[in-house]
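Trainee: Please read through the structure below; I'll follow up with questions.
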Amino acid sequence: MSDLVIGEGVALDLRLAKLPSRALARLLDLLIQASLLGVLAAVLGVVASAGAVDDAVMAGLMIVVTIAAVVGYPALLETVGRGRTLGKMALGLRVVRTDGGPVRFRHALVRALSGIFDLYATAGVLAVATSFSSKQGRRTGDWLAGTVVVRDRAPDAGVSPAGMAALAMPYPLLGWAQQLDLSALPDDVALSARQYLTRMHEMRPDVAARMGHEVATEVLRYVAMPPAGTPPWAYLAAVTAERRVRQMRAAEAAQRAAWERAQRQAPAYAGAPGPTAGAPAGAPPMAPPTAPPPAAWQGSMVPPVQDRTPETQPAPQTEGDGFKPPL
């Protein structure tokens with residue numbers, strides 16, 4: 001885990017990326033950049049052989065192409081990919097701000113420009129030296145941009161009871177949440193919302209409100225607007241809880257399909273039984289009756305949507321125009 005602490009004194013639950021995984025991700029990115037640069041250089045070579053441009057223009061185009069491959073590739077990918085280049089995606093890494101927030105274009109651009117010196121000009125020696133001298137493994141570009149590289153998937157261990165309570169579905173938003181389209185919500189955005197909900201009770205009220213507004217604004221890019229008067233924490237809790245229920249149902253459906261598939265193929269594994277007594281010659285053997293899923297599986301089935309009735313839900317807690325956040 002990281003030992004990053006934001007200005008409000010809240011420790012961040014992040015897993016820092018180690019140097020070997022970062023180096024392998026950088027190597028993959030270098031191979032992609034070299035391939036991209038080779039393709040662009042070949043195109044310019046064809047244009048030059050046709051005599052369409054003179055030598056001065058060709059030299060300028062080569063400089064532009066080189067900058068685009070060396071600086072533009074990481075800056076653009078880390079901005080669009082929310083801190084991830086293709087190499088980082090393959091290794092499960094992501095660049096975030098030191099306060100845990102997502103990086104912007106200015107952070108990605110500073111990291112890309114500094115990479116000219118600590119990665120290319122010094123053959124990576126400066127980057128390795130600064131990484132070893134930092135507890136968080138930050139290279140020169142991370143120090144200048146105020147970023148850190150973390151593992152993309154955070155564990156669920158260590159969540160306090162108050163944090164788990166914050167993940168519960170706010171009952172007044174249950175019907176609204178069941179109608180949501182959550183297919184466009186990225187995993188990293190949903191993870192950010194979950195992490196905020198589990199840690200907001202540890203923050204000062206003003207800090208929790210500010211961070212909740214930032215995370216909710218990001219989720220609004222992919223999920224519909226909540227009802228008027230809904231506080232950010234309740235909006236995030238409703239989206240997170242409904243997404244978790246749908247994931248559980250999808251996993252349950254996959255288990256049922258696997259069980260039924262195994263039951264249909266049971267004769268092939270156990271050996272097909274011989275012909276049934278009294279059956280005509282050449283008749284195919286009778287398959288054994290399909291048994292229901294084990295009792296342990298039946299008990300783990302997620303109840304359907306219509307079973308979540310008001311009688312099974314806790315009474316809503318209100319305070320003013322919004323919901324009272326869990327303490």
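Following the order of the structure tokens, chains are lettered A, B, ..., residues in each are numbered from 1, and ligands are numbered from 1.
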If we count only C-alpha atoms, what is near range 190-195 of chain A at a cut-off of 8 Å, once residues fewer than 4 positions away on the same chain are taken out, given as a VMD selection string?
Mentor: chain A and resid 167 185 to 186 199 215 to 216 219 236 to 237 240
Trainee: I need the residues from that last selection saved to file as a short mmCIF file (atom, residue, chain, number, x, y, z; two decimals), in the first residue's frame (with N, CA and C atoms), if you can.
Mentor:
```cif
data_model
loop_
_atom_site.label_atom_id
_atom_site.label_comp_id
_atom_site.auth_asym_id
_atom_site.auth_seq_id
_atom_site.Cartn_x
_atom_site.Cartn_y
_atom_site.Cartn_z
N LEU A 167 -21.79 2.33 1.19
CA LEU A 167 -22.03 1.72 -0.12
C LEU A 167 -23.45 1.22 -0.28
N LEU A 185 -20.34 3.24 -18.11
CA LEU A 185 -19.54 3.66 -16.96
C LEU A 185 -18.24 2.88 -16.92
N PRO A 186 -17.08 3.53 -17.06
CA PRO A 186 -15.80 2.80 -17.03
C PRO A 186 -15.52 2.23 -15.64
N ARG A 199 -14.20 6.16 2.05
CA ARG A 199 -13.27 6.98 2.83
C ARG A 199 -13.82 8.35 3.19
N VAL A 215 -16.05 13.83 -7.97
CA VAL A 215 -16.29 12.47 -8.43
C VAL A 215 -17.66 12.35 -9.08
N ALA A 216 -18.67 12.98 -8.50
CA ALA A 216 -20.01 12.92 -9.08
C ALA A 216 -20.05 13.58 -10.46
N VAL A 219 -18.76 11.04 -12.87
CA VAL A 219 -19.73 9.97 -13.13
C VAL A 219 -20.86 10.47 -14.02
N LEU A 236 -23.71 8.86 -5.92
CA LEU A 236 -22.63 7.88 -6.11
C LEU A 236 -22.99 6.55 -5.45
N ALA A 237 -23.60 6.60 -4.27
CA ALA A 237 -23.98 5.35 -3.60
C ALA A 237 -25.02 4.58 -4.40
N THR A 240 -23.25 3.06 -7.52
CA THR A 240 -22.34 1.99 -7.13
C THR A 240 -23.10 0.75 -6.68
#
```
Trainee: Tell me which protein, DNA and RNA residues are within 12 Å of Ala90 in chain A, counting only C-alpha atoms, leaving out same-chain ones fewer than 6 positions away, and put them as a PyMOL selection string.
Mentor: chain A and resi 21-22+24-29+84+151-152
Trainee: Step one, run DSSP on the backbone; step two, keep only residues of range 47-275 of chain A assigned to strand (DSSP E); then write them as a ChimeraX atom specification.
Mentor: /A:93-97,147-151
Trainee: Write a file of the just-selected residues containing all heavy atoms, as a PDB file, in the first residue's frame.
Mentor:
```
ATOM      1  N   LEU A  93      -1.385  -0.588 -14.854  1.00  0.00           N
ATOM      2  CA  LEU A  93      -0.880   0.582 -14.148  1.00  0.00           C
ATOM      3  C   LEU A  93      -1.666   1.811 -14.558  1.00  0.00           C
ATOM      4  O   LEU A  93      -2.293   1.847 -15.623  1.00  0.00           O
ATOM      5  CB  LEU A  93       0.611   0.793 -14.440  1.00  0.00           C
ATOM      6  CG  LEU A  93       1.540  -0.398 -14.233  1.00  0.00           C
ATOM      7  CD1 LEU A  93       2.973  -0.010 -14.531  1.00  0.00           C
ATOM      8  CD2 LEU A  93       1.415  -0.942 -12.825  1.00  0.00           C
ATOM      9  N   ARG A  94      -1.602   2.834 -13.722  1.00  0.00           N
ATOM     10  CA  ARG A  94      -2.299   4.092 -14.015  1.00  0.00           C
ATOM     11  C   ARG A  94      -1.597   5.223 -13.300  1.00  0.00           C
ATOM     12  O   ARG A  94      -1.120   5.064 -12.176  1.00  0.00           O
ATOM     13  CB  ARG A  94      -3.759   4.010 -13.575  1.00  0.00           C
ATOM     14  CG  ARG A  94      -4.591   5.234 -13.912  1.00  0.00           C
ATOM     15  CD  ARG A  94      -6.064   4.897 -13.909  1.00  0.00           C
ATOM     16  NE  ARG A  94      -6.542   4.436 -12.630  1.00  0.00           N
ATOM     17  CZ  ARG A  94      -7.225   5.196 -11.774  1.00  0.00           C
ATOM     18  NH1 ARG A  94      -7.499   6.453 -12.066  1.00  0.00           N
ATOM     19  NH2 ARG A  94      -7.645   4.713 -10.618  1.00  0.00           N
ATOM     20  N   VAL A  95      -1.544   6.372 -13.943  1.00  0.00           N
ATOM     21  CA  VAL A  95      -0.963   7.578 -13.362  1.00  0.00           C
ATOM     22  C   VAL A  95      -2.078   8.383 -12.715  1.00  0.00           C
ATOM     23  O   VAL A  95      -3.106   8.650 -13.348  1.00  0.00           O
ATOM     24  CB  VAL A  95      -0.240   8.428 -14.431  1.00  0.00           C
ATOM     25  CG1 VAL A  95       0.387   9.669 -13.797  1.00  0.00           C
ATOM     26  CG2 VAL A  95       0.824   7.608 -15.137  1.00  0.00           C
ATOM     27  N   VAL A  96      -1.885   8.768 -11.462  1.00  0.00           N
ATOM     28  CA  VAL A  96      -2.847   9.603 -10.749  1.00  0.00           C
ATOM     29  C   VAL A  96      -2.099  10.754 -10.096  1.00  0.00           C
ATOM     30  O   VAL A  96      -0.874  10.727  -9.970  1.00  0.00           O
ATOM     31  CB  VAL A  96      -3.612   8.800  -9.672  1.00  0.00           C
ATOM     32  CG1 VAL A  96      -4.410   7.677 -10.304  1.00  0.00           C
ATOM     33  CG2 VAL A  96      -2.660   8.248  -8.632  1.00  0.00           C
ATOM     34  N   ARG A  97      -2.853  11.764  -9.684  1.00  0.00           N
ATOM     35  CA  ARG A  97      -2.253  12.846  -8.924  1.00  0.00           C
ATOM     36  C   ARG A  97      -1.877  12.353  -7.528  1.00  0.00           C
ATOM     37  O   ARG A  97      -2.369  11.332  -7.063  1.00  0.00           O
ATOM     38  CB  ARG A  97      -3.207  14.028  -8.821  1.00  0.00           C
ATOM     39  CG  ARG A  97      -3.631  14.609 -10.160  1.00  0.00           C
ATOM     40  CD  ARG A  97      -4.219  16.014  -9.959  1.00  0.00           C
ATOM     41  NE  ARG A  97      -5.258  16.029  -8.951  1.00  0.00           N
ATOM     42  CZ  ARG A  97      -6.556  15.992  -9.214  1.00  0.00           C
ATOM     43  NH1 ARG A  97      -6.970  15.907 -10.472  1.00  0.00           N
ATOM     44  NH2 ARG A  97      -7.455  16.028  -8.235  1.00  0.00           N
ATOM     45  N   THR A 147       2.546  13.715  -9.721  1.00  0.00           N
ATOM     46  CA  THR A 147       1.818  12.484  -9.995  1.00  0.00           C
ATOM     47  C   THR A 147       2.544  11.297  -9.378  1.00  0.00           C
ATOM     48  O   THR A 147       3.680  11.408  -8.913  1.00  0.00           O
ATOM     49  CB  THR A 147       1.671  12.258 -11.513  1.00  0.00           C
ATOM     50  OG1 THR A 147       2.985  12.206 -12.116  1.00  0.00           O
ATOM     51  CG2 THR A 147       0.863  13.364 -12.152  1.00  0.00           C
ATOM     52  N   VAL A 148       1.884  10.162  -9.414  1.00  0.00           N
ATOM     53  CA  VAL A 148       2.458   8.904  -8.950  1.00  0.00           C
ATOM     54  C   VAL A 148       1.799   7.792  -9.755  1.00  0.00           C
ATOM     55  O   VAL A 148       0.640   7.915 -10.172  1.00  0.00           O
ATOM     56  CB  VAL A 148       2.241   8.709  -7.432  1.00  0.00           C
ATOM     57  CG1 VAL A 148       0.770   8.577  -7.116  1.00  0.00           C
ATOM     58  CG2 VAL A 148       2.997   7.493  -6.916  1.00  0.00           C
ATOM     59  N   VAL A 149       2.536   6.711 -10.002  1.00  0.00           N
ATOM     60  CA  VAL A 149       2.022   5.573 -10.758  1.00  0.00           C
ATOM     61  C   VAL A 149       1.569   4.504  -9.769  1.00  0.00           C
ATOM     62  O   VAL A 149       2.330   4.120  -8.872  1.00  0.00           O
ATOM     63  CB  VAL A 149       3.085   5.005 -11.718  1.00  0.00           C
ATOM     64  CG1 VAL A 149       2.507   3.833 -12.517  1.00  0.00           C
ATOM     65  CG2 VAL A 149       3.572   6.086 -12.667  1.00  0.00           C
ATOM     66  N   VAL A 150       0.327   4.023  -9.927  1.00  0.00           N
ATOM     67  CA  VAL A 150      -0.252   3.052  -9.000  1.00  0.00           C
ATOM     68  C   VAL A 150      -0.773   1.865  -9.794  1.00  0.00           C
ATOM     69  O   VAL A 150      -0.912   1.911 -11.017  1.00  0.00           O
ATOM     70  CB  VAL A 150      -1.391   3.685  -8.178  1.00  0.00           C
ATOM     71  CG1 VAL A 150      -0.881   4.843  -7.352  1.00  0.00           C
ATOM     72  CG2 VAL A 150      -2.533   4.135  -9.091  1.00  0.00           C
ATOM     73  N   ARG A 151      -1.044   0.799  -9.048  1.00  0.00           N
ATOM     74  CA  ARG A 151      -1.729  -0.330  -9.644  1.00  0.00           C
ATOM     75  C   ARG A 151      -3.172   0.068  -9.943  1.00  0.00           C
ATOM     76  O   ARG A 151      -3.803   0.778  -9.164  1.00  0.00           O
ATOM     77  CB  ARG A 151      -1.723  -1.531  -8.692  1.00  0.00           C
ATOM     78  CG  ARG A 151      -0.349  -1.965  -8.229  1.00  0.00           C
ATOM     79  CD  ARG A 151       0.494  -2.534  -9.335  1.00  0.00           C
ATOM     80  NE  ARG A 151      -0.128  -3.693  -9.955  1.00  0.00           N
ATOM     81  CZ  ARG A 151       0.434  -4.386 -10.952  1.00  0.00           C
ATOM     82  NH1 ARG A 151       1.614  -4.015 -11.431  1.00  0.00           N
ATOM     83  NH2 ARG A 151      -0.177  -5.420 -11.467  1.00  0.00           N
TER      84      ARG A 151
END
```
Trainee: When you count only C-alpha atoms, which of these residues is closest to Glu218 in chain A: A:Arg82, A:Lys18, A:Lys135, A:Arg106?
Mentor: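 Closest residue, counting only C-alpha atoms: A:Arg82.
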Trainee: Using DSSP secondary structure from the backbone, list all helix (DSSP H, G or I) positions within range 167-279 of chain A, as a PyMOL selection string.
Mentor: chain A and resi 171-178+187-202+205-219+232-264+266-270
Trainee: Ala241 in chain A: which residues within 12 Å, counting only C-alpha atoms, same-chain residues fewer than 5 positions away excluded, as a list in words?
Mentor: Met164, Ala165, Ala166, Leu167, Ala168, Met169, Pro170, Tyr171, Leu173, Leu174, Ala177, Gln178, Leu180, Leu182, Ala190, Leu191, Ala193, Arg194, Leu197, Trp233, Ala234, Tyr235, Leu236, Arg246, Gln247 and Met248 of chain A
Trainee: What gap, in Å, lies between CA of His107 in chain A and CA of Gly146 in chain A?
Mentor: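 Rounded to one decimal, the two atoms are 7.5 Å apart.
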Trainee: Give me, as a ChimeraX atom specification, all polymer residues having an atom no more than 8 Å from range 35-51 of chain A, counting only C-alpha atoms and skipping those fewer than 4 positions away in the same chain.
Mentor: /A:31,58,61-62,65-66,69
Trainee: Go ahead and save the residues from that selection, with N, CA, C and O atoms, as a compact mmCIF listing (two decimals), in the first residue's frame.
Mentor:
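Output saved as part_0.txt:
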```
# COMPACT_ATOMS: atom_id res chain seq x y z
N LEU A 31 8.30 0.35 -27.79
CA LEU A 31 8.11 -0.44 -29.01
C LEU A 31 6.99 0.14 -29.86
O LEU A 31 7.10 0.21 -31.10
N MET A 58 10.93 18.86 -45.58
CA MET A 58 11.01 17.48 -45.13
C MET A 58 11.68 17.39 -43.76
O MET A 58 11.26 16.62 -42.89
N LEU A 61 9.16 18.44 -41.20
CA LEU A 61 8.16 17.41 -40.98
C LEU A 61 8.72 16.27 -40.13
O LEU A 61 8.01 15.70 -39.29
N MET A 62 9.98 15.93 -40.32
CA MET A 62 10.59 14.87 -39.53
C MET A 62 10.66 15.27 -38.05
O MET A 62 10.45 14.45 -37.16
N VAL A 65 7.16 14.94 -36.67
CA VAL A 65 6.80 13.53 -36.50
C VAL A 65 7.49 12.94 -35.27
O VAL A 65 6.90 12.19 -34.50
N THR A 66 8.76 13.30 -35.08
CA THR A 66 9.49 12.78 -33.92
C THR A 66 8.87 13.28 -32.61
O THR A 66 8.71 12.52 -31.65
N ALA A 69 5.66 11.45 -31.86
CA ALA A 69 5.83 10.08 -31.36
C ALA A 69 6.40 10.05 -29.95
O ALA A 69 6.00 9.22 -29.14
```
